[in-house]
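Structure below is final-v8.txt: compact mmCIF, C-alpha atoms.
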```
# COMPACT_ATOMS: atom_id res chain seq x y z
CA MET O 1 -18.09 162.82 -45.50
CA LYS O 2 -21.61 161.37 -45.58
CA ARG O 3 -22.69 159.94 -48.93
CA PHE O 4 -26.35 160.63 -49.48
CA THR O 5 -28.38 157.91 -51.14
CA LEU O 6 -31.74 157.77 -52.84
CA LEU O 7 -33.23 156.43 -49.58
CA ASP O 8 -31.96 159.51 -47.73
CA ALA O 9 -33.68 161.73 -50.29
CA LEU O 10 -36.89 159.71 -50.04
CA THR O 11 -36.74 160.03 -46.26
CA GLY O 12 -36.62 163.81 -46.56
CA VAL O 13 -39.52 163.86 -49.01
CA ALA O 14 -41.59 161.52 -46.82
CA VAL O 15 -40.99 163.55 -43.64
CA VAL O 16 -41.84 166.85 -45.31
CA GLY O 17 -44.92 165.32 -46.94
CA LEU O 18 -46.25 163.83 -43.70
CA LEU O 19 -45.58 167.01 -41.71
CA SER O 20 -47.40 169.00 -44.38
CA LEU O 21 -50.33 166.58 -44.14
CA ALA O 22 -50.31 166.93 -40.34
CA ALA O 23 -50.38 170.74 -40.64
CA TRP O 24 -53.28 170.58 -43.09
CA VAL O 25 -55.26 168.25 -40.81
CA ALA O 26 -54.71 170.55 -37.82
CA LEU O 27 -55.70 173.70 -39.70
CA ALA O 28 -58.32 172.56 -42.20
CA GLY O 29 -59.18 168.95 -41.47
CA PRO O 30 -62.66 167.64 -40.68
CA GLU O 31 -64.21 168.91 -37.48
CA GLY O 32 -65.98 166.76 -34.93
CA ALA O 33 -65.15 163.33 -33.57
CA LEU O 34 -62.74 161.22 -35.64
CA PRO O 35 -61.80 157.56 -35.04
CA VAL O 36 -58.26 157.25 -33.68
CA HIS O 37 -58.14 153.60 -32.56
CA PHE O 38 -59.70 150.32 -33.70
CA ASN O 39 -60.05 147.07 -31.76
CA ALA O 40 -59.15 143.59 -32.98
CA ALA O 41 -62.59 143.22 -34.61
CA GLY O 42 -61.95 146.34 -36.72
CA GLN O 43 -64.41 148.57 -34.84
CA ALA O 44 -63.54 152.09 -33.71
CA ASP O 45 -63.27 152.11 -29.91
CA ARG O 46 -61.78 155.56 -29.31
CA TRP O 47 -62.48 158.93 -30.89
CA GLY O 48 -60.57 162.20 -30.95
CA ASP O 49 -60.44 165.52 -32.79
CA ARG O 50 -58.41 166.64 -35.78
CA ASN O 51 -55.60 167.95 -33.55
CA GLU O 52 -55.01 164.48 -32.15
CA VAL O 53 -54.93 163.00 -35.64
CA ALA O 54 -52.48 165.71 -36.76
CA LEU O 55 -50.27 165.04 -33.74
CA LEU O 56 -50.23 161.31 -34.51
CA ILE O 57 -49.24 161.89 -38.15
CA GLY O 58 -46.56 164.41 -37.16
CA ALA O 59 -45.12 162.09 -34.50
CA MET O 60 -44.89 159.22 -36.98
CA ALA O 61 -43.20 161.52 -39.50
CA LEU O 62 -40.55 162.54 -36.97
CA LEU O 63 -40.06 158.96 -35.79
CA GLY O 64 -39.58 157.75 -39.36
CA GLY O 65 -37.16 160.58 -40.10
CA VAL O 66 -35.01 159.92 -37.02
CA VAL O 67 -34.85 156.15 -37.47
CA SER O 68 -34.23 156.29 -41.23
CA GLY O 69 -31.68 159.08 -40.78
CA LEU O 70 -29.71 157.14 -38.17
CA ILE O 71 -29.66 154.04 -40.37
CA GLY O 72 -28.58 156.19 -43.32
CA LEU O 73 -25.70 157.51 -41.23
CA ALA O 74 -24.65 153.95 -40.43
CA VAL O 75 -24.83 153.09 -44.15
CA ALA O 76 -22.45 155.93 -44.97
CA ARG O 77 -19.94 154.83 -42.35
CA THR O 78 -19.58 151.19 -43.41
CA ASP O 79 -17.37 149.87 -46.17
CA ASP O 80 -18.69 146.30 -45.92
CA PRO O 81 -20.99 145.74 -48.95
CA SER O 82 -22.99 143.01 -47.21
CA ARG O 83 -23.55 145.12 -44.10
CA ARG O 84 -24.40 148.10 -46.30
CA ARG O 85 -27.08 146.10 -48.14
CA GLY O 86 -28.55 144.92 -44.87
CA LEU O 87 -28.71 148.41 -43.42
CA MET O 88 -30.25 149.84 -46.59
CA THR O 89 -32.85 147.07 -46.60
CA GLY O 90 -33.72 147.96 -43.02
CA GLN O 91 -33.89 151.63 -43.92
CA ALA O 92 -36.22 150.95 -46.84
CA VAL O 93 -38.52 148.57 -44.93
CA GLY O 94 -38.67 150.87 -41.91
CA LEU O 95 -39.43 153.94 -43.99
CA LEU O 96 -42.11 152.11 -45.97
CA ALA O 97 -43.72 150.78 -42.79
CA VAL O 98 -43.83 154.19 -41.07
CA VAL O 99 -45.09 156.09 -44.11
CA GLY O 100 -47.63 153.40 -44.96
CA SER O 101 -48.90 153.29 -41.36
CA ALA O 102 -49.19 157.07 -41.15
CA LEU O 103 -51.11 157.33 -44.43
CA PHE O 104 -53.35 154.41 -43.48
CA CYS O 105 -54.16 155.97 -40.09
CA ALA O 106 -54.85 159.32 -41.75
CA TYR O 107 -57.14 157.70 -44.31
CA LEU O 108 -59.17 155.88 -41.66
CA SER O 109 -59.48 158.88 -39.35
CA LEU O 110 -60.27 161.47 -42.01
CA ASN O 111 -62.94 159.25 -43.57
CA GLY O 112 -64.59 158.90 -40.20
CA ALA O 113 -65.06 155.18 -40.67
CA ALA O 114 -66.52 153.53 -37.57
CA GLU O 115 -65.61 150.05 -38.80
CA LEU O 116 -62.90 148.56 -41.02
CA GLN O 117 -63.46 146.07 -43.78
CA PRO O 118 -62.79 142.76 -41.97
CA ALA O 119 -60.17 141.60 -44.48
CA LEU O 120 -58.14 144.82 -44.59
CA PRO O 121 -55.94 144.57 -41.45
CA MET O 122 -55.10 140.93 -42.12
CA ALA O 123 -54.28 141.65 -45.76
CA LEU O 124 -51.99 144.58 -44.87
CA ILE O 125 -50.05 142.73 -42.17
CA SER O 126 -49.72 139.72 -44.48
CA LEU O 127 -48.39 141.91 -47.28
CA LEU O 128 -45.81 143.38 -44.91
CA PHE O 129 -44.53 139.91 -44.03
CA VAL O 130 -44.36 138.95 -47.70
CA ALA O 131 -42.04 141.94 -48.22
CA ILE O 132 -39.96 141.13 -45.13
CA GLY O 133 -39.69 137.49 -46.09
CA ALA O 134 -38.61 138.30 -49.63
CA THR O 135 -35.60 140.28 -48.36
CA ALA O 136 -34.65 138.62 -45.05
CA GLY O 137 -32.48 135.89 -46.54
CA ARG O 138 -30.43 138.26 -48.69
CA ILE O 139 -28.95 140.59 -46.10
CA GLY O 140 -25.68 140.37 -44.24
CA PRO O 141 -25.05 140.87 -40.53
CA ASN O 142 -26.26 144.22 -39.26
CA PRO O 143 -27.80 145.64 -36.07
CA VAL O 144 -31.10 146.76 -37.62
CA VAL O 145 -32.94 144.02 -39.53
CA GLY O 146 -32.96 140.24 -39.59
CA VAL O 147 -32.66 137.58 -36.90
CA ARG O 148 -30.27 139.41 -34.57
CA THR O 149 -29.40 136.90 -31.86
CA PRO O 150 -26.09 136.78 -29.94
CA TRP O 151 -25.20 133.52 -31.72
CA ASN O 152 -25.72 135.05 -35.15
CA PHE O 153 -23.16 137.76 -34.43
CA LYS O 154 -20.65 135.04 -33.50
CA SER O 155 -21.23 132.87 -36.58
CA ARG O 156 -21.79 134.02 -40.17
CA LEU O 157 -23.17 130.57 -41.00
CA ALA O 158 -25.76 130.90 -38.22
CA TRP O 159 -26.73 134.35 -39.50
CA ASP O 160 -27.21 133.14 -43.06
CA ARG O 161 -29.17 130.00 -42.24
CA SER O 162 -31.46 131.47 -39.59
CA ASN O 163 -32.29 134.48 -41.74
CA ARG O 164 -32.99 132.30 -44.76
CA LEU O 165 -35.32 130.19 -42.63
CA ALA O 166 -37.07 133.29 -41.26
CA GLY O 167 -37.39 134.72 -44.76
CA ARG O 168 -39.01 131.58 -46.15
CA LEU O 169 -41.40 131.22 -43.21
CA PHE O 170 -42.43 134.89 -43.16
CA PHE O 171 -42.92 134.93 -46.93
CA TRP O 172 -45.20 131.90 -46.96
CA ILE O 173 -47.11 132.98 -43.86
CA GLY O 174 -47.68 136.37 -45.48
CA LEU O 175 -48.67 134.88 -48.83
CA ILE O 176 -51.13 132.40 -47.31
CA GLY O 177 -52.53 135.11 -45.02
CA LEU O 178 -52.98 137.45 -47.97
CA ALA O 179 -54.82 134.80 -49.98
CA ALA O 180 -57.01 133.84 -46.99
CA SER O 181 -57.81 137.39 -45.84
CA PRO O 182 -61.03 137.81 -47.89
CA PHE O 183 -62.51 134.62 -46.40
CA ALA O 184 -61.08 134.27 -42.89
CA PRO O 185 -63.38 135.16 -39.98
CA GLN O 186 -62.04 138.06 -37.93
CA PRO O 187 -60.38 138.59 -35.55
CA MET O 188 -59.48 134.89 -35.68
CA GLY O 189 -57.70 135.25 -39.03
CA MET O 190 -55.45 138.04 -37.75
CA MET O 191 -54.70 136.08 -34.57
CA VAL O 192 -53.64 133.05 -36.63
CA VAL O 193 -51.28 135.16 -38.77
CA VAL O 194 -49.71 136.81 -35.73
CA GLY O 195 -49.40 133.46 -33.94
CA ALA O 196 -47.73 131.89 -36.97
CA VAL O 197 -45.26 134.78 -37.15
CA VAL O 198 -44.38 134.33 -33.46
CA VAL O 199 -43.76 130.61 -34.01
CA ALA O 200 -41.65 131.35 -37.10
CA ALA O 201 -39.57 133.86 -35.15
CA ALA O 202 -39.03 131.34 -32.33
CA LEU O 203 -37.94 128.65 -34.81
CA SER O 204 -35.50 131.07 -36.43
CA VAL O 205 -33.97 131.96 -33.06
CA PHE O 206 -33.58 128.25 -32.26
CA GLU O 207 -31.97 127.70 -35.67
CA SER O 208 -29.44 130.45 -34.98
CA TRP O 209 -28.38 128.74 -31.74
CA ARG O 210 -28.33 125.26 -33.31
CA VAL O 211 -26.14 126.31 -36.24
CA TRP O 212 -23.80 128.36 -34.03
CA ARG O 213 -23.36 125.35 -31.72
CA ASP O 214 -22.30 123.11 -34.64
CA ASP O 215 -20.24 125.70 -36.54
CA PRO O 216 -16.49 124.87 -36.18
CA GLU O 217 -15.67 128.45 -37.17
CA ARG O 218 -17.91 130.12 -34.59
CA GLN O 219 -16.52 132.81 -32.33
CA PRO O 220 -16.63 132.19 -28.59
CA PHE O 221 -18.46 134.47 -26.16
```
Represent the structure of the file as structure tokens.
Amino acid sequence: MKRFTLLDALTGVAVVGLLSLAAWVALAGPEGALPVHFNAAGQADRWGDRNEVALLIGAMALLGGVVSGLIGLAVARTDDPSRRRGLMTGQAVGLLAVVGSALFCAYLSLNGAAELQPALPMALISLLFVAIGATAGRIGPNPVVGVRTPWNFKSRLAWDRSNRLAGRLFFWIGLIGLAASPFAPQPMGMMVVVGAVVVAAALSVFESWRVWRDDPERQPF
């Protein structure tokens, strides 16, 4: 029998809340052209009506509900505490990312802003990586979050070390990006943060292979 958790309840509340917001936007939201996409410089480059905004919010609500619900089902079916923690971390981060993105998109569109504050996108993406980095090194093997390479699933040591490395790198990249966001020229600042994250991910993947190769207790393929 499925054991419902607080995250399952929060998923239900978030989905109902976002669908209600989508219905309100479709029925009583602002009329006229609304920004629905921004380029790398933070300028609106595509416009739509309130129905398109409502559809976007509703789609993100359903996506978040399905993904979080499937992870919650996996949480209920595992008896491994480490795997359970990892899955619940993924469920929480995924739900927060979807809800935060939906609310942020709704805020921008409904305000009709033609241009973002230059520091805002960089600050938000940096904050996300601070949160990911703070949790990445504390989760056990799971199919949802973390550095999920073939070598990591054949060596617990490789999993632990590569995820700790990724966590440290993501945390510091996010923290430095957050501190620099008010001053960095855009879109260069955002490009540097994204580039640093890509490099950090590549280093973590290499670390997983390196540790697996030297682990005497690794499992063969």
Subject >> Residue nearest Glu217 (chain O) among O:Asn111, O:Ser155, O:Thr135, O:Gln117 (counting only C-alpha atoms) >> reply: O:Ser155
Subject >> Near-Gly189 (chain O) list (10 Å; all atoms listed in the file; drop same-chain fewer than 4 positions) as a PyMOL selection string >> reply: chain O and resi 118-119+121-123+177+180-185+193-195
**OP:** Pick out the residues sitting within 12 Å of Leu10 (chain O), and hand them over as a VMD selection string; count all atoms listed in the file, and ignore anything fewer than 6 positions along from it in its own chain.
**Re:** chain O and resid 4 16 to 17 64 to 65 68 to 69 72 91 to 92 95 to 96 99
Subject >> Atom-to-atom span, CA of Ser126 (chain O) and CA of Leu178 (chain O), Å >> reply: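 Answer for the CA of Ser126 (chain O) to CA of Leu178 (chain O) separation: 5.3 Å.
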Original post:
Hey, which of O:Gly32, O:Pro141, O:Pro216, O:Gly12 ends up closest to Leu110 (chain O)? Count only C-alpha atoms.
Top reply: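 Closest candidate: O:Gly32.
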Give me the box for region 151-170 of chain O as lines of an AutoDock Vina configuration file, namely the centre and edge lengths in Å to one decimal of a box along x, y and z that holds every listed atom plus 4 Å on each side.
```
center_x = -31.5
center_y = 133.9
center_z = -38.9
size_x = 29.8
size_y = 15.8
size_z = 22.4
```
**OP:** For CA of Tyr107 (chain O) and CA of Gln186 (chain O), quote the distance in Å rounded to one decimal.
**Re:**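 Atom-to-atom, CA of Tyr107 (chain O) to CA of Gln186 (chain O), that is 21.2 Å.
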**OP:** Report the distance between CA of Gly112 (chain O) and CA of Pro35 (chain O) in Å, rounded to one decimal place.
**Re:**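 Between CA of Gly112 (chain O) and CA of Pro35 (chain O) the gap is 6.0 Å.
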Original post:
So which one's closest to Leu34 (chain O), O:Leu108, O:Val144, O:Met188, O:Ile132? Using all atoms listed in the file, please.
Top reply: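 Under the stated criterion, the closest residue is O:Leu108.
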Subject >> Shortest interatomic distance to Val192 (chain O) - which of O:Ala136, O:Ile125, O:Val145, O:Met88, counting all atoms listed in the file >> reply: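 The shortest atom-to-atom distance to Val192 (chain O) comes from O:Ile125.
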Subject >> Distance query Gly29 (chain O) at most 12 Å, only C-alpha atoms, self and fewer than 5 positions along chain excluded, as a ChimeraX atom specification >> reply: /O:21-24,34,49-54,106-107,109-112
I need every residue sitting at most 12 Å from the point (-37.4, 132.0, -32.8) (coordinates as in the file, all atoms listed in the file considered), written as a PDB file with C-alpha atoms, in the coordinates of the input.
```
ATOM      1  CA  GLY O 146     -32.960 140.240 -39.590  1.00  0.00           C
ATOM      2  CA  VAL O 147     -32.660 137.580 -36.900  1.00  0.00           C
ATOM      3  CA  ARG O 148     -30.270 139.410 -34.570  1.00  0.00           C
ATOM      4  CA  THR O 149     -29.400 136.900 -31.860  1.00  0.00           C
ATOM      5  CA  SER O 162     -31.460 131.470 -39.590  1.00  0.00           C
ATOM      6  CA  ASN O 163     -32.290 134.480 -41.740  1.00  0.00           C
ATOM      7  CA  LEU O 165     -35.320 130.190 -42.630  1.00  0.00           C
ATOM      8  CA  ALA O 166     -37.070 133.290 -41.260  1.00  0.00           C
ATOM      9  CA  LEU O 169     -41.400 131.220 -43.210  1.00  0.00           C
ATOM     10  CA  PHE O 170     -42.430 134.890 -43.160  1.00  0.00           C
ATOM     11  CA  ALA O 196     -47.730 131.890 -36.970  1.00  0.00           C
ATOM     12  CA  VAL O 197     -45.260 134.780 -37.150  1.00  0.00           C
ATOM     13  CA  VAL O 198     -44.380 134.330 -33.460  1.00  0.00           C
ATOM     14  CA  VAL O 199     -43.760 130.610 -34.010  1.00  0.00           C
ATOM     15  CA  ALA O 200     -41.650 131.350 -37.100  1.00  0.00           C
ATOM     16  CA  ALA O 201     -39.570 133.860 -35.150  1.00  0.00           C
ATOM     17  CA  ALA O 202     -39.030 131.340 -32.330  1.00  0.00           C
ATOM     18  CA  LEU O 203     -37.940 128.650 -34.810  1.00  0.00           C
ATOM     19  CA  SER O 204     -35.500 131.070 -36.430  1.00  0.00           C
ATOM     20  CA  VAL O 205     -33.970 131.960 -33.060  1.00  0.00           C
ATOM     21  CA  PHE O 206     -33.580 128.250 -32.260  1.00  0.00           C
ATOM     22  CA  GLU O 207     -31.970 127.700 -35.670  1.00  0.00           C
ATOM     23  CA  SER O 208     -29.440 130.450 -34.980  1.00  0.00           C
ATOM     24  CA  TRP O 209     -28.380 128.740 -31.740  1.00  0.00           C
ATOM     25  CA  ARG O 210     -28.330 125.260 -33.310  1.00  0.00           C
TER      26      ARG O 210
END
```
Original post:
Neighbours of Arg168 (chain O) within 9 Å (all atoms listed in the file; same-chain residues fewer than 6 positions away dropped), as a list of chain:residue names?
Top reply: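 Selected residues are O:Gly133, O:Ala134, O:Ala136, O:Gly137.
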